Amino acid sequence: MAASTPSPRDTGFPAEGRCSYYVEKKKRFCRMVVAAGKRFCGEHAGAAEEENTRKRILCPLDPKHTVYEDQLAKHLKKCNSREKPKPDFFIQDINAGLKDETEIPEQLVPISSLSEEQLENLIKKLRKASEGLNSTLKDDIRSHPALLDALNDPRNGDSAIKHLKQQASILGNIEKLKLLGPRRCFVEFGAGKGKLSHWVDIALKDAEKVHFILVEKVTTRFKVDGKHRKENSVFERLQIDIQHLCLSKIPVLREGKLPVVGIGKHLCGVATDLALRCLIETYAASYEERNEEPLAKRIKNDKTETKVNTLAKEGNERNVPEKWSPVAGIVIALCCHHRCDWRHYVGKEYFRALGLGAVEFHYFQRMSSWATCGMRKTLLEAADITTERQDRQNDSSEEHDDGGCRVADDGADGLPGYVTMFIVCNTEGEVSVIAAQSSFPLSQAYIPAPPVEA
């Protein structure tokens, strides 16, 4: 019988080319391959005497990982957190708006620290500013045949159904505005996985010359835009903050002259303001600066003008805009209306016209939650109300289902402290929401008016 081969432990040495660290728990040497000239693998490098003398420090670019101090210079050249070269379409704070530090005090006290008189004044200003505003929005919940099969899929859970209904309604509103057509560039702000652009592409079928630009500032997993391989539609993803995005520097928009349709789903207040600035103040304004007027404005020959007008009328019947413009339309479904900032806010002129400024904006922003929460009674007061209601029910057959904690009547003259408000600010085609009910239906598209032509 042949003798068995001695194990590395029996010989007191690890296998050739393997780590020299002895794992007590496994009763054997580590089997990881080591680098040339090294005794230990990367996992057990600290066990070597020569490695113990080296100091590890936090990476200055990203403190989530460490690096050997003597290899810092080499590490900074290849660290994944290093600053990468900026693309041409990155222009620092191009859509941020003007920064006026004199308007915003250095320190604003919380709204809970305001005196009763200060709070009363704020509420009066808010009610005065909202007088005459048509704050009643009619639900326009739509759908689209492109999502019919997905909506009827029995495998969908509640969350999937909710998002599909929202996407179908946004798509229906895009079609209602006659923006769903060929030869366009759809820019999805806050794209995430790119689901909204995905359904727009399916709805367009084989439309010609369709380009999708998906804007998202963070890396995203399980993206769907990479699955599209249609010849007539191109998907391009930009990892950039909307605040620094210059659309006129993107090659397809600079060379192709495609009208842009801005879309978005679940875009917070500040992102909506930045998207509006990106489309109207930056992109559309760049055409005016270069004197690139629409074709209909450059016509000087009467015969040609007649021909163009005829073509425009025919195009209008085919859901094509009568005049070409850099921004064909904007359809954005909002979320998190309170997440807005005075510097980025697009309705400053309208706000100032009402005698309001940055301080009022700051407090109105926080007061927006009053639209849904109100001022609730304490548990003791709620119990008293419940007992009183039960006594009334014994004397009357009429039932009142108010949950035992209702504090405001349906009228405007409810108890002090309960304010329902919805302020829409509109300045020459630019629209933004400063304060709104947090239960604003996402199925209702947020559609600013087109820019006013000079």
# chains A, B, ... in the order shown; residues from 1 in each chain; ligands from 1
>>> residues_around(residues="Ser248 of chain A", least_positions_apart="3", cutoff="10 Å", atoms="only C-alpha atoms", output="PyMOL selection string")
chain A and resi 88-89+245+251-255+257+278-279+282-287+326
>>> select_by_dssp(residues="segment 226-278 of chain A", states="strand (DSSP E or B)", output="list in words")
Ser233, Val234, Phe235, Glu236, Arg237, Leu238, Gln239, Leu245, Val260, Val261, Gly262, Ile263, Gly264, Lys265, His266 and Leu267 of chain A
>>> write_last_selection(atoms="C-alpha atoms", output="PDB file, in the first residue's frame")
ATOM      1  CA  SER A 233     -34.996  54.969 -31.925  1.00  0.00           C
ATOM      2  CA  VAL A 234     -31.775  55.637 -30.018  1.00  0.00           C
ATOM      3  CA  PHE A 235     -31.386  55.649 -26.227  1.00  0.00           C
ATOM      4  CA  GLU A 236     -28.665  57.747 -24.609  1.00  0.00           C
ATOM      5  CA  ARG A 237     -28.148  57.917 -20.837  1.00  0.00           C
ATOM      6  CA  LEU A 238     -26.456  60.902 -19.176  1.00  0.00           C
ATOM      7  CA  GLN A 239     -25.243  60.601 -15.573  1.00  0.00           C
ATOM      8  CA  LEU A 245     -26.961  70.028 -17.889  1.00  0.00           C
ATOM      9  CA  VAL A 260     -37.467  68.410 -27.548  1.00  0.00           C
ATOM     10  CA  VAL A 261     -40.251  66.958 -25.404  1.00  0.00           C
ATOM     11  CA  GLY A 262     -39.430  67.094 -21.695  1.00  0.00           C
ATOM     12  CA  ILE A 263     -40.970  64.262 -19.653  1.00  0.00           C
ATOM     13  CA  GLY A 264     -40.645  63.040 -16.085  1.00  0.00           C
ATOM     14  CA  LYS A 265     -42.284  60.837 -13.475  1.00  0.00           C
ATOM     15  CA  HIS A 266     -41.882  61.444  -9.743  1.00  0.00           C
ATOM     16  CA  LEU A 267     -39.821  64.620 -10.114  1.00  0.00           C
TER      17      LEU A 267
END
>>> residues_around(residues="segment 165-176 of chain A", least_positions_apart="3", cutoff="7 Å", atoms="only C-alpha atoms", output="count of residues only")
15
>>> closest_residue(among="A:Leu108, A:Pro145, A:Arg339, A:Ile213", to="Phe186 of chain A", atoms="only C-alpha atoms")
A:Ile213
>>> closest_residue(among="A:Ala328, A:Cys268, A:Leu356, A:Leu258", to="Cys340 of chain A", atoms="only C-alpha atoms")
A:Cys268
>>> residues_around(residues="Asn95 of chain A", least_positions_apart="3", cutoff="9 Å", atoms="only C-alpha atoms", output="ChimeraX atom specification")
/A:91-92,242-246,273-278,281-282,344
>>> write_last_selection(atoms="all heavy atoms", output="compact mmCIF listing (two decimals), in the first residue's frame")
# COMPACT_ATOMS: atom_id res chain seq x y z
N ILE A 91 -21.95 72.15 -17.61
CA ILE A 91 -21.60 73.54 -17.32
C ILE A 91 -22.07 73.84 -15.89
O ILE A 91 -23.27 73.78 -15.60
CB ILE A 91 -22.23 74.52 -18.31
CG1 ILE A 91 -21.76 74.22 -19.74
CG2 ILE A 91 -21.90 75.97 -17.94
CD1 ILE A 91 -22.33 75.14 -20.79
N GLN A 92 -21.15 74.14 -15.03
CA GLN A 92 -21.43 74.29 -13.60
C GLN A 92 -22.56 75.29 -13.35
O GLN A 92 -22.51 76.44 -13.77
CB GLN A 92 -20.16 74.75 -12.87
CG GLN A 92 -20.29 74.80 -11.36
CD GLN A 92 -20.29 73.42 -10.73
OE1 GLN A 92 -19.66 72.50 -11.22
NE2 GLN A 92 -21.01 73.27 -9.64
N ILE A 242 -29.30 67.66 -13.15
CA ILE A 242 -30.02 68.58 -14.05
C ILE A 242 -29.48 70.00 -13.90
O ILE A 242 -29.49 70.78 -14.85
CB ILE A 242 -31.53 68.55 -13.76
CG1 ILE A 242 -32.06 67.12 -13.80
CG2 ILE A 242 -32.30 69.40 -14.76
CD1 ILE A 242 -33.49 66.98 -13.34
N GLN A 243 -28.99 70.33 -12.72
CA GLN A 243 -28.49 71.67 -12.44
C GLN A 243 -27.34 72.06 -13.36
O GLN A 243 -27.15 73.24 -13.65
CB GLN A 243 -28.04 71.72 -10.98
CG GLN A 243 -27.55 73.08 -10.51
CD GLN A 243 -27.34 73.12 -9.01
OE1 GLN A 243 -27.97 72.36 -8.27
NE2 GLN A 243 -26.47 73.98 -8.54
N HIS A 244 -26.58 71.08 -13.86
CA HIS A 244 -25.39 71.38 -14.67
C HIS A 244 -25.55 70.95 -16.14
O HIS A 244 -24.58 70.96 -16.88
CB HIS A 244 -24.17 70.67 -14.08
CG HIS A 244 -24.04 70.80 -12.60
ND1 HIS A 244 -23.94 72.02 -11.97
CD2 HIS A 244 -24.02 69.85 -11.62
CE1 HIS A 244 -23.85 71.82 -10.66
NE2 HIS A 244 -23.90 70.52 -10.42
N LEU A 245 -26.76 70.58 -16.55
CA LEU A 245 -26.96 70.03 -17.89
C LEU A 245 -27.25 71.12 -18.92
O LEU A 245 -28.18 71.91 -18.75
CB LEU A 245 -28.13 69.04 -17.86
CG LEU A 245 -28.56 68.47 -19.21
CD1 LEU A 245 -27.43 67.69 -19.86
CD2 LEU A 245 -29.80 67.58 -19.04
N CYS A 246 -26.46 71.15 -19.97
CA CYS A 246 -26.67 72.08 -21.09
C CYS A 246 -27.06 71.25 -22.31
O CYS A 246 -26.22 70.61 -22.95
CB CYS A 246 -25.40 72.88 -21.37
SG CYS A 246 -25.59 74.08 -22.72
N ASP A 273 -38.15 72.55 -11.10
CA ASP A 273 -37.66 73.90 -11.40
C ASP A 273 -36.40 73.86 -12.25
O ASP A 273 -36.26 74.62 -13.21
CB ASP A 273 -37.38 74.66 -10.09
CG ASP A 273 -38.66 75.11 -9.41
OD1 ASP A 273 -39.65 75.37 -10.11
OD2 ASP A 273 -38.68 75.21 -8.18
N LEU A 274 -35.48 72.96 -11.91
CA LEU A 274 -34.23 72.84 -12.68
C LEU A 274 -34.51 72.36 -14.10
O LEU A 274 -33.87 72.83 -15.06
CB LEU A 274 -33.28 71.88 -11.97
CG LEU A 274 -32.70 72.35 -10.63
CD1 LEU A 274 -31.92 71.23 -9.95
CD2 LEU A 274 -31.80 73.57 -10.82
N ALA A 275 -35.47 71.43 -14.25
CA ALA A 275 -35.81 70.93 -15.58
C ALA A 275 -36.42 72.03 -16.44
O ALA A 275 -36.12 72.16 -17.63
CB ALA A 275 -36.77 69.75 -15.46
N LEU A 276 -37.29 72.86 -15.83
CA LEU A 276 -37.90 73.97 -16.57
C LEU A 276 -36.85 74.99 -16.99
O LEU A 276 -36.88 75.50 -18.12
CB LEU A 276 -38.97 74.65 -15.70
CG LEU A 276 -40.23 73.82 -15.42
CD1 LEU A 276 -41.13 74.54 -14.43
CD2 LEU A 276 -40.98 73.52 -16.69
N ARG A 277 -35.91 75.28 -16.10
CA ARG A 277 -34.82 76.20 -16.46
C ARG A 277 -33.96 75.60 -17.56
O ARG A 277 -33.53 76.31 -18.48
CB ARG A 277 -33.97 76.50 -15.23
CG ARG A 277 -34.64 77.39 -14.19
CD ARG A 277 -33.68 77.74 -13.06
NE ARG A 277 -34.31 78.58 -12.07
CZ ARG A 277 -34.42 79.90 -12.16
NH1 ARG A 277 -33.96 80.52 -13.25
NH2 ARG A 277 -34.99 80.60 -11.21
N CYS A 278 -33.69 74.31 -17.47
CA CYS A 278 -32.87 73.64 -18.47
C CYS A 278 -33.50 73.72 -19.86
O CYS A 278 -32.81 73.98 -20.85
CB CYS A 278 -32.66 72.18 -18.06
SG CYS A 278 -31.70 71.20 -19.24
N GLU A 281 -34.97 78.34 -20.18
CA GLU A 281 -33.99 79.42 -20.03
C GLU A 281 -32.67 79.09 -20.73
O GLU A 281 -31.99 79.99 -21.21
CB GLU A 281 -33.73 79.69 -18.54
CG GLU A 281 -34.88 80.36 -17.83
CD GLU A 281 -34.49 80.79 -16.43
OE1 GLU A 281 -33.32 80.59 -16.05
OE2 GLU A 281 -35.36 81.33 -15.72
N THR A 282 -32.30 77.81 -20.75
CA THR A 282 -31.00 77.45 -21.31
C THR A 282 -31.10 76.99 -22.76
O THR A 282 -30.50 77.57 -23.65
CB THR A 282 -30.34 76.34 -20.47
OG1 THR A 282 -30.28 76.77 -19.10
CG2 THR A 282 -28.94 76.04 -20.96
N HIS A 344 -33.46 78.14 -7.01
CA HIS A 344 -33.83 77.45 -8.23
C HIS A 344 -35.26 77.76 -8.67
O HIS A 344 -35.62 77.50 -9.82
CB HIS A 344 -33.70 75.94 -8.04
CG HIS A 344 -32.37 75.51 -7.51
ND1 HIS A 344 -31.18 76.00 -8.00
CD2 HIS A 344 -32.04 74.64 -6.51
CE1 HIS A 344 -30.17 75.45 -7.34
NE2 HIS A 344 -30.67 74.63 -6.43
>>> atom_distance(atom1="atom CA of Gly190 of chain A", atom2="atom CA of Glu216 of chain A")
5.0 Å
>>> atom_distance(atom1="atom CA of Ser130 of chain A", atom2="atom CA of Leu354 of chain A")
9.7 Å
>>> residues_around(residues="Gln365 of chain A", least_positions_apart="3", cutoff="9 Å", atoms="only C-alpha atoms", output="PyMOL selection string")
chain A and resi 337-341+360-362+368-369+434-435
>>> write_last_selection(atoms="C-alpha atoms", output="compact mmCIF listing (two decimals), in the first residue's frame")
# COMPACT_ATOMS: atom_id res chain seq x y z
CA HIS A 337 -43.68 69.43 -3.69
CA HIS A 338 -42.07 70.76 -0.50
CA ARG A 339 -38.59 69.83 -1.78
CA CYS A 340 -37.93 73.18 -3.45
CA ASP A 341 -35.34 75.93 -3.12
CA GLU A 360 -42.02 83.77 3.16
CA PHE A 361 -41.00 81.14 0.62
CA HIS A 362 -39.01 79.33 3.30
CA SER A 368 -47.36 72.92 2.76
CA SER A 369 -47.81 69.82 4.93
CA ILE A 434 -44.69 76.30 -4.19
CA ALA A 435 -47.17 74.63 -1.87
>>> select_by_dssp(residues="segment 124-211 of chain A", states="alpha helix (DSSP H)", output="PyMOL selection string")
chain A and resi 124-130+148-151+158-176+195-204
>>> write_last_selection(atoms="N, CA and C atoms", output="short mmCIF file (atom, residue, chain, number, x, y, z; two decimals), in the first residue's frame")
data_model
loop_
_atom_site.label_atom_id
_atom_site.label_comp_id
_atom_site.auth_asym_id
_atom_site.auth_seq_id
_atom_site.Cartn_x
_atom_site.Cartn_y
_atom_site.Cartn_z
N LYS A 124 -52.02 85.01 6.99
CA LYS A 124 -52.74 86.08 6.28
C LYS A 124 -52.10 86.35 4.92
N LYS A 125 -50.76 86.39 4.89
CA LYS A 125 -50.06 86.61 3.61
C LYS A 125 -50.36 85.49 2.63
N LEU A 126 -50.40 84.27 3.15
CA LEU A 126 -50.65 83.12 2.30
C LEU A 126 -52.05 83.16 1.72
N ARG A 127 -53.03 83.48 2.55
CA ARG A 127 -54.41 83.54 2.08
C ARG A 127 -54.60 84.70 1.08
N LYS A 128 -53.95 85.81 1.33
CA LYS A 128 -54.05 86.94 0.42
C LYS A 128 -53.42 86.60 -0.93
N ALA A 129 -52.27 85.90 -0.89
CA ALA A 129 -51.59 85.54 -2.14
C ALA A 129 -52.39 84.54 -2.95
N SER A 130 -53.17 83.69 -2.28
CA SER A 130 -53.91 82.65 -2.98
C SER A 130 -55.28 83.11 -3.44
N LEU A 148 -51.78 48.17 -22.28
CA LEU A 148 -52.96 47.35 -22.00
C LEU A 148 -52.57 45.95 -21.54
N ASP A 149 -51.67 45.30 -22.27
CA ASP A 149 -51.28 43.93 -21.89
C ASP A 149 -50.57 43.91 -20.54
N ALA A 150 -49.69 44.89 -20.30
CA ALA A 150 -48.97 44.94 -19.02
C ALA A 150 -49.92 45.17 -17.85
N LEU A 151 -50.94 46.00 -18.05
CA LEU A 151 -51.89 46.27 -16.98
C LEU A 151 -52.74 45.05 -16.66
N ASP A 158 -49.44 44.91 -6.42
CA ASP A 158 -50.07 46.23 -6.26
C ASP A 158 -49.14 47.35 -6.67
N SER A 159 -47.85 47.25 -6.31
CA SER A 159 -46.90 48.30 -6.64
C SER A 159 -46.71 48.42 -8.14
N ALA A 160 -46.60 47.28 -8.82
CA ALA A 160 -46.42 47.30 -10.28
C ALA A 160 -47.63 47.90 -10.97
N ILE A 161 -48.82 47.54 -10.51
CA ILE A 161 -50.06 48.08 -11.09
C ILE A 161 -50.13 49.59 -10.90
N LYS A 162 -49.73 50.06 -9.71
CA LYS A 162 -49.78 51.49 -9.43
C LYS A 162 -48.91 52.26 -10.41
N HIS A 163 -47.67 51.80 -10.59
CA HIS A 163 -46.74 52.51 -11.49
C HIS A 163 -47.18 52.40 -12.95
N LEU A 164 -47.72 51.26 -13.35
CA LEU A 164 -48.19 51.10 -14.72
C LEU A 164 -49.36 52.04 -15.02
N LYS A 165 -50.26 52.22 -14.06
CA LYS A 165 -51.38 53.15 -14.24
C LYS A 165 -50.87 54.58 -14.38
N GLN A 166 -49.88 54.94 -13.57
CA GLN A 166 -49.32 56.29 -13.66
C GLN A 166 -48.64 56.51 -15.01
N GLN A 167 -47.86 55.52 -15.45
CA GLN A 167 -47.19 55.64 -16.74
C GLN A 167 -48.18 55.71 -17.89
N ALA A 168 -49.27 54.93 -17.78
CA ALA A 168 -50.30 54.95 -18.82
C ALA A 168 -50.99 56.31 -18.89
N SER A 169 -51.24 56.92 -17.72
CA SER A 169 -51.89 58.23 -17.70
C SER A 169 -50.98 59.32 -18.26
N ILE A 170 -49.69 59.27 -17.90
CA ILE A 170 -48.74 60.25 -18.45
C ILE A 170 -48.65 60.09 -19.96
N LEU A 171 -48.60 58.84 -20.43
CA LEU A 171 -48.54 58.59 -21.86
C LEU A 171 -49.79 59.10 -22.56
N GLY A 172 -50.95 58.90 -21.92
CA GLY A 172 -52.20 59.41 -22.49
C GLY A 172 -52.21 60.92 -22.59
N ASN A 173 -51.65 61.60 -21.59
CA ASN A 173 -51.57 63.07 -21.62
C ASN A 173 -50.59 63.55 -22.69
N ILE A 174 -49.50 62.81 -22.89
CA ILE A 174 -48.55 63.17 -23.95
C ILE A 174 -49.23 63.08 -25.31
N GLU A 175 -50.03 62.03 -25.49
CA GLU A 175 -50.74 61.87 -26.76
C GLU A 175 -51.82 62.95 -26.92
N LYS A 176 -52.48 63.30 -25.82
CA LYS A 176 -53.51 64.35 -25.86
C LYS A 176 -52.92 65.68 -26.34
N LYS A 195 -38.19 53.57 -17.26
CA LYS A 195 -39.44 52.91 -17.61
C LYS A 195 -40.35 53.81 -18.44
N LEU A 196 -40.41 55.11 -18.11
CA LEU A 196 -41.31 56.00 -18.85
C LEU A 196 -40.89 56.10 -20.31
N SER A 197 -39.61 56.28 -20.57
CA SER A 197 -39.12 56.31 -21.95
C SER A 197 -39.35 54.98 -22.65
N HIS A 198 -39.27 53.90 -21.89
CA HIS A 198 -39.51 52.56 -22.44
C HIS A 198 -40.91 52.47 -23.03
N TRP A 199 -41.91 52.95 -22.28
CA TRP A 199 -43.29 52.86 -22.75
C TRP A 199 -43.57 53.87 -23.86
N VAL A 200 -42.92 55.02 -23.82
CA VAL A 200 -43.07 55.97 -24.92
C VAL A 200 -42.55 55.36 -26.21
N ASP A 201 -41.43 54.65 -26.13
CA ASP A 201 -40.85 54.02 -27.31
C ASP A 201 -41.78 52.94 -27.86
N ILE A 202 -42.40 52.15 -26.97
CA ILE A 202 -43.34 51.12 -27.41
C ILE A 202 -44.55 51.75 -28.07
N ALA A 203 -45.04 52.87 -27.49
CA ALA A 203 -46.21 53.55 -28.06
C ALA A 203 -45.91 54.13 -29.44
N LEU A 204 -44.67 54.53 -29.67
CA LEU A 204 -44.30 55.12 -30.95
C LEU A 204 -44.13 54.07 -32.04
#
>>> atom_distance(atom1="atom CA of Val215 of chain A", atom2="atom CA of Ala271 of chain A")
11.3 Å
>>> residues_around(residues="Gly192 of chain A", least_positions_apart="6", cutoff="9 Å", atoms="only C-alpha atoms", output="ChimeraX atom specification")
/A:214-221,223
